[in-house]
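Engineer: Here you go, run.txt (compact mmCIF, N, CA and C atoms):
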# COMPACT_ATOMS: atom_id res chain seq x y z
N MET A 21 -34.17 19.05 39.42
CA MET A 21 -34.05 17.63 39.17
C MET A 21 -35.11 17.17 38.17
N LYS A 22 -36.30 17.73 38.32
CA LYS A 22 -37.40 17.34 37.44
C LYS A 22 -37.12 17.79 36.00
N LYS A 23 -36.49 18.99 35.86
CA LYS A 23 -36.15 19.49 34.53
C LYS A 23 -35.15 18.57 33.83
N MET A 24 -34.16 18.09 34.59
CA MET A 24 -33.17 17.19 34.00
C MET A 24 -33.81 15.90 33.53
N LEU A 25 -34.73 15.38 34.31
CA LEU A 25 -35.41 14.15 33.91
C LEU A 25 -36.24 14.37 32.65
N LEU A 26 -36.92 15.51 32.57
CA LEU A 26 -37.71 15.81 31.39
C LEU A 26 -36.83 15.99 30.16
N LYS A 27 -35.68 16.67 30.33
CA LYS A 27 -34.75 16.84 29.21
C LYS A 27 -34.21 15.49 28.75
N GLY A 28 -33.85 14.64 29.71
CA GLY A 28 -33.34 13.32 29.37
C GLY A 28 -34.39 12.48 28.67
N LYS A 29 -35.63 12.58 29.12
CA LYS A 29 -36.72 11.83 28.49
C LYS A 29 -36.95 12.32 27.07
N ALA A 30 -36.91 13.64 26.87
CA ALA A 30 -37.09 14.22 25.54
C ALA A 30 -35.95 13.80 24.62
N LEU A 31 -34.74 13.79 25.14
CA LEU A 31 -33.58 13.37 24.34
C LEU A 31 -33.71 11.91 23.92
N LEU A 32 -34.12 11.05 24.84
CA LEU A 32 -34.30 9.64 24.51
C LEU A 32 -35.41 9.44 23.49
N LEU A 33 -36.46 10.24 23.59
CA LEU A 33 -37.55 10.14 22.63
C LEU A 33 -37.08 10.56 21.23
N LYS A 34 -36.28 11.63 21.15
CA LYS A 34 -35.71 12.04 19.86
C LYS A 34 -34.82 10.95 19.28
N LEU A 35 -33.99 10.37 20.14
CA LEU A 35 -33.10 9.31 19.69
C LEU A 35 -33.88 8.11 19.19
N LYS A 36 -34.95 7.79 19.88
CA LYS A 36 -35.79 6.65 19.48
C LYS A 36 -36.42 6.91 18.11
N CYS A 37 -36.89 8.14 17.89
CA CYS A 37 -37.49 8.49 16.60
C CYS A 37 -36.46 8.43 15.48
N LYS A 38 -35.26 8.93 15.74
CA LYS A 38 -34.20 8.90 14.73
C LYS A 38 -33.80 7.47 14.39
N MET A 39 -33.69 6.63 15.40
CA MET A 39 -33.32 5.23 15.16
C MET A 39 -34.41 4.51 14.37
N ALA A 40 -35.66 4.82 14.67
CA ALA A 40 -36.76 4.18 13.95
C ALA A 40 -36.74 4.57 12.48
N THR A 41 -36.46 5.85 12.19
CA THR A 41 -36.41 6.27 10.79
C THR A 41 -35.21 5.66 10.08
N LEU A 42 -34.09 5.53 10.78
CA LEU A 42 -32.92 4.91 10.17
C LEU A 42 -33.16 3.44 9.86
N LEU A 43 -33.83 2.76 10.75
CA LEU A 43 -34.09 1.34 10.54
C LEU A 43 -35.12 1.10 9.45
N LYS A 44 -36.05 2.02 9.28
CA LYS A 44 -37.08 1.88 8.25
C LYS A 44 -36.54 2.23 6.87
N ASP A 45 -35.49 3.04 6.81
CA ASP A 45 -34.93 3.51 5.55
C ASP A 45 -34.30 2.34 4.81
N GLN A 46 -34.79 2.05 3.62
CA GLN A 46 -34.28 0.93 2.84
C GLN A 46 -33.47 1.40 1.63
N SER A 47 -33.19 2.69 1.54
CA SER A 47 -32.43 3.17 0.39
C SER A 47 -30.94 2.91 0.58
N GLY A 48 -30.20 3.05 -0.47
CA GLY A 48 -28.76 2.82 -0.41
C GLY A 48 -28.36 1.61 -1.21
N GLU A 49 -27.09 1.36 -1.24
CA GLU A 49 -26.57 0.25 -2.00
C GLU A 49 -26.30 -0.92 -1.08
N GLY A 50 -26.49 -2.09 -1.61
CA GLY A 50 -26.18 -3.28 -0.86
C GLY A 50 -24.76 -3.73 -1.14
N PHE A 51 -24.33 -4.73 -0.43
CA PHE A 51 -22.97 -5.23 -0.61
C PHE A 51 -22.80 -5.88 -1.98
N LEU A 52 -23.84 -6.51 -2.47
CA LEU A 52 -23.74 -7.19 -3.75
C LEU A 52 -23.56 -6.19 -4.89
N ASP A 53 -24.25 -5.06 -4.82
CA ASP A 53 -24.10 -4.03 -5.84
C ASP A 53 -22.67 -3.53 -5.92
N VAL A 54 -22.09 -3.25 -4.77
CA VAL A 54 -20.72 -2.75 -4.72
C VAL A 54 -19.75 -3.82 -5.21
N LEU A 55 -19.98 -5.06 -4.84
CA LEU A 55 -19.11 -6.15 -5.27
C LEU A 55 -19.14 -6.31 -6.79
N ILE A 56 -20.32 -6.21 -7.38
CA ILE A 56 -20.43 -6.34 -8.83
C ILE A 56 -19.72 -5.18 -9.53
N LYS A 57 -19.85 -3.96 -9.00
CA LYS A 57 -19.16 -2.82 -9.60
C LYS A 57 -17.65 -2.98 -9.53
N ILE A 58 -17.14 -3.45 -8.42
CA ILE A 58 -15.70 -3.67 -8.28
C ILE A 58 -15.23 -4.75 -9.24
N LEU A 59 -15.99 -5.82 -9.34
CA LEU A 59 -15.63 -6.91 -10.24
C LEU A 59 -15.60 -6.46 -11.69
N ILE A 60 -16.58 -5.68 -12.11
CA ILE A 60 -16.61 -5.16 -13.48
C ILE A 60 -15.41 -4.25 -13.73
N THR A 61 -15.07 -3.41 -12.76
CA THR A 61 -13.93 -2.52 -12.90
C THR A 61 -12.63 -3.29 -13.05
N VAL A 62 -12.46 -4.33 -12.27
CA VAL A 62 -11.25 -5.14 -12.34
C VAL A 62 -11.16 -5.85 -13.69
N ILE A 63 -12.27 -6.37 -14.17
CA ILE A 63 -12.27 -7.08 -15.45
C ILE A 63 -11.94 -6.12 -16.59
N ILE A 64 -12.54 -4.94 -16.58
CA ILE A 64 -12.25 -3.96 -17.64
C ILE A 64 -10.79 -3.51 -17.57
N GLY A 65 -10.27 -3.30 -16.37
CA GLY A 65 -8.87 -2.92 -16.22
C GLY A 65 -7.92 -3.99 -16.72
N ALA A 66 -8.23 -5.24 -16.43
CA ALA A 66 -7.39 -6.34 -16.91
C ALA A 66 -7.44 -6.45 -18.43
N ALA A 67 -8.61 -6.24 -19.00
CA ALA A 67 -8.73 -6.30 -20.46
C ALA A 67 -7.93 -5.16 -21.12
N LEU A 68 -8.02 -3.97 -20.53
CA LEU A 68 -7.25 -2.85 -21.08
C LEU A 68 -5.74 -3.08 -20.95
N LEU A 69 -5.33 -3.64 -19.84
CA LEU A 69 -3.91 -3.94 -19.66
C LEU A 69 -3.44 -4.97 -20.68
N ALA A 70 -4.25 -5.99 -20.92
CA ALA A 70 -3.88 -7.00 -21.91
C ALA A 70 -3.81 -6.39 -23.31
N LEU A 71 -4.75 -5.51 -23.64
CA LEU A 71 -4.71 -4.86 -24.95
C LEU A 71 -3.49 -3.96 -25.10
N MET A 72 -3.17 -3.23 -24.06
CA MET A 72 -1.99 -2.35 -24.13
C MET A 72 -0.71 -3.17 -24.23
N ARG A 73 -0.69 -4.28 -23.54
CA ARG A 73 0.51 -5.12 -23.58
C ARG A 73 0.74 -5.71 -24.97
N VAL A 74 -0.35 -6.02 -25.66
CA VAL A 74 -0.24 -6.54 -27.03
C VAL A 74 0.11 -5.41 -28.00
N ALA A 75 -0.51 -4.25 -27.79
CA ALA A 75 -0.30 -3.14 -28.72
C ALA A 75 1.06 -2.48 -28.55
N ILE A 76 1.53 -2.37 -27.29
CA ILE A 76 2.79 -1.68 -27.02
C ILE A 76 3.68 -2.56 -26.14
N PRO A 77 4.22 -3.64 -26.67
CA PRO A 77 5.02 -4.53 -25.82
C PRO A 77 6.35 -3.92 -25.38
N ASP A 78 6.93 -3.04 -26.20
CA ASP A 78 8.22 -2.44 -25.85
C ASP A 78 8.09 -1.53 -24.63
N LEU A 79 6.96 -0.88 -24.49
CA LEU A 79 6.76 0.02 -23.36
C LEU A 79 6.87 -0.73 -22.04
N PHE A 80 6.21 -1.88 -21.97
CA PHE A 80 6.25 -2.65 -20.73
C PHE A 80 7.65 -3.20 -20.46
N GLN A 81 8.35 -3.59 -21.50
CA GLN A 81 9.71 -4.10 -21.31
C GLN A 81 10.62 -2.99 -20.83
N ASP A 82 10.47 -1.78 -21.37
CA ASP A 82 11.27 -0.64 -20.92
C ASP A 82 10.99 -0.32 -19.46
N ILE A 83 9.72 -0.37 -19.07
CA ILE A 83 9.36 -0.11 -17.67
C ILE A 83 9.98 -1.16 -16.76
N LEU A 84 9.90 -2.43 -17.15
CA LEU A 84 10.50 -3.49 -16.35
C LEU A 84 12.01 -3.34 -16.24
N ASP A 85 12.66 -2.95 -17.34
CA ASP A 85 14.11 -2.74 -17.31
C ASP A 85 14.49 -1.60 -16.38
N LYS A 86 13.73 -0.52 -16.38
CA LYS A 86 14.01 0.60 -15.49
C LYS A 86 13.83 0.21 -14.03
N ILE A 87 12.79 -0.56 -13.77
CA ILE A 87 12.56 -1.01 -12.38
C ILE A 87 13.70 -1.92 -11.92
N LYS A 88 14.11 -2.83 -12.80
CA LYS A 88 15.22 -3.73 -12.44
C LYS A 88 16.50 -2.95 -12.22
N SER A 89 16.75 -1.93 -13.04
CA SER A 89 17.99 -1.18 -12.87
C SER A 89 18.00 -0.36 -11.58
N VAL A 90 16.83 0.04 -11.10
CA VAL A 90 16.76 0.79 -9.85
C VAL A 90 17.07 -0.12 -8.66
N PHE A 91 16.63 -1.34 -8.70
CA PHE A 91 16.77 -2.24 -7.57
C PHE A 91 18.06 -3.07 -7.61
N THR A 92 18.81 -3.02 -8.70
CA THR A 92 20.07 -3.76 -8.75
C THR A 92 21.18 -2.91 -8.16
N ILE A 93 22.20 -3.59 -7.65
CA ILE A 93 23.31 -2.87 -6.99
C ILE A 93 24.38 -2.55 -8.00
Would you mind writing the file's structure down as structure tokens?
Structural biologist:
Amino acid sequence: MKKMLLKGKALLLKLKCKMATLLKDQSGEGFLDVLIKILITVIIGAALLALMRVAIPDLFQDILDKIKSVFTI
């Protein structure tokens, strides 16, 4: 019984040390960093789509026509 209590106490002490190191660790990315990266990606994607639509308008019309023909009866 005494061995089990000592093992349990040692396990809790290890867990306490691990939690303390995790809470002290300040590395990593914040939510704002990720949000800014996503926003930049969306803006660049929209700009590229607009440029492609101006440069190759027939391509988009052909794609739309194919999609419409698939869904029509």
Engineer: Please measure the separation of CA of Leu52 (chain A) and CA of Ile64 (chain A), giving the value in Å to one decimal.
Structural biologist: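 Value for the CA of Leu52 (chain A)-CA of Ile64 (chain A) distance: 18.3 Å.
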Engineer: Can you tell me how far CA of Phe80 (chain A) sits from CA of Leu68 (chain A), in Å to one decimal?
Structural biologist: 13.5 Å
Engineer: To one decimal place in Å, what is the distance between atom C of Val62 (chain A) and CA of Phe91 (chain A)?
Structural biologist: 28.8 Å
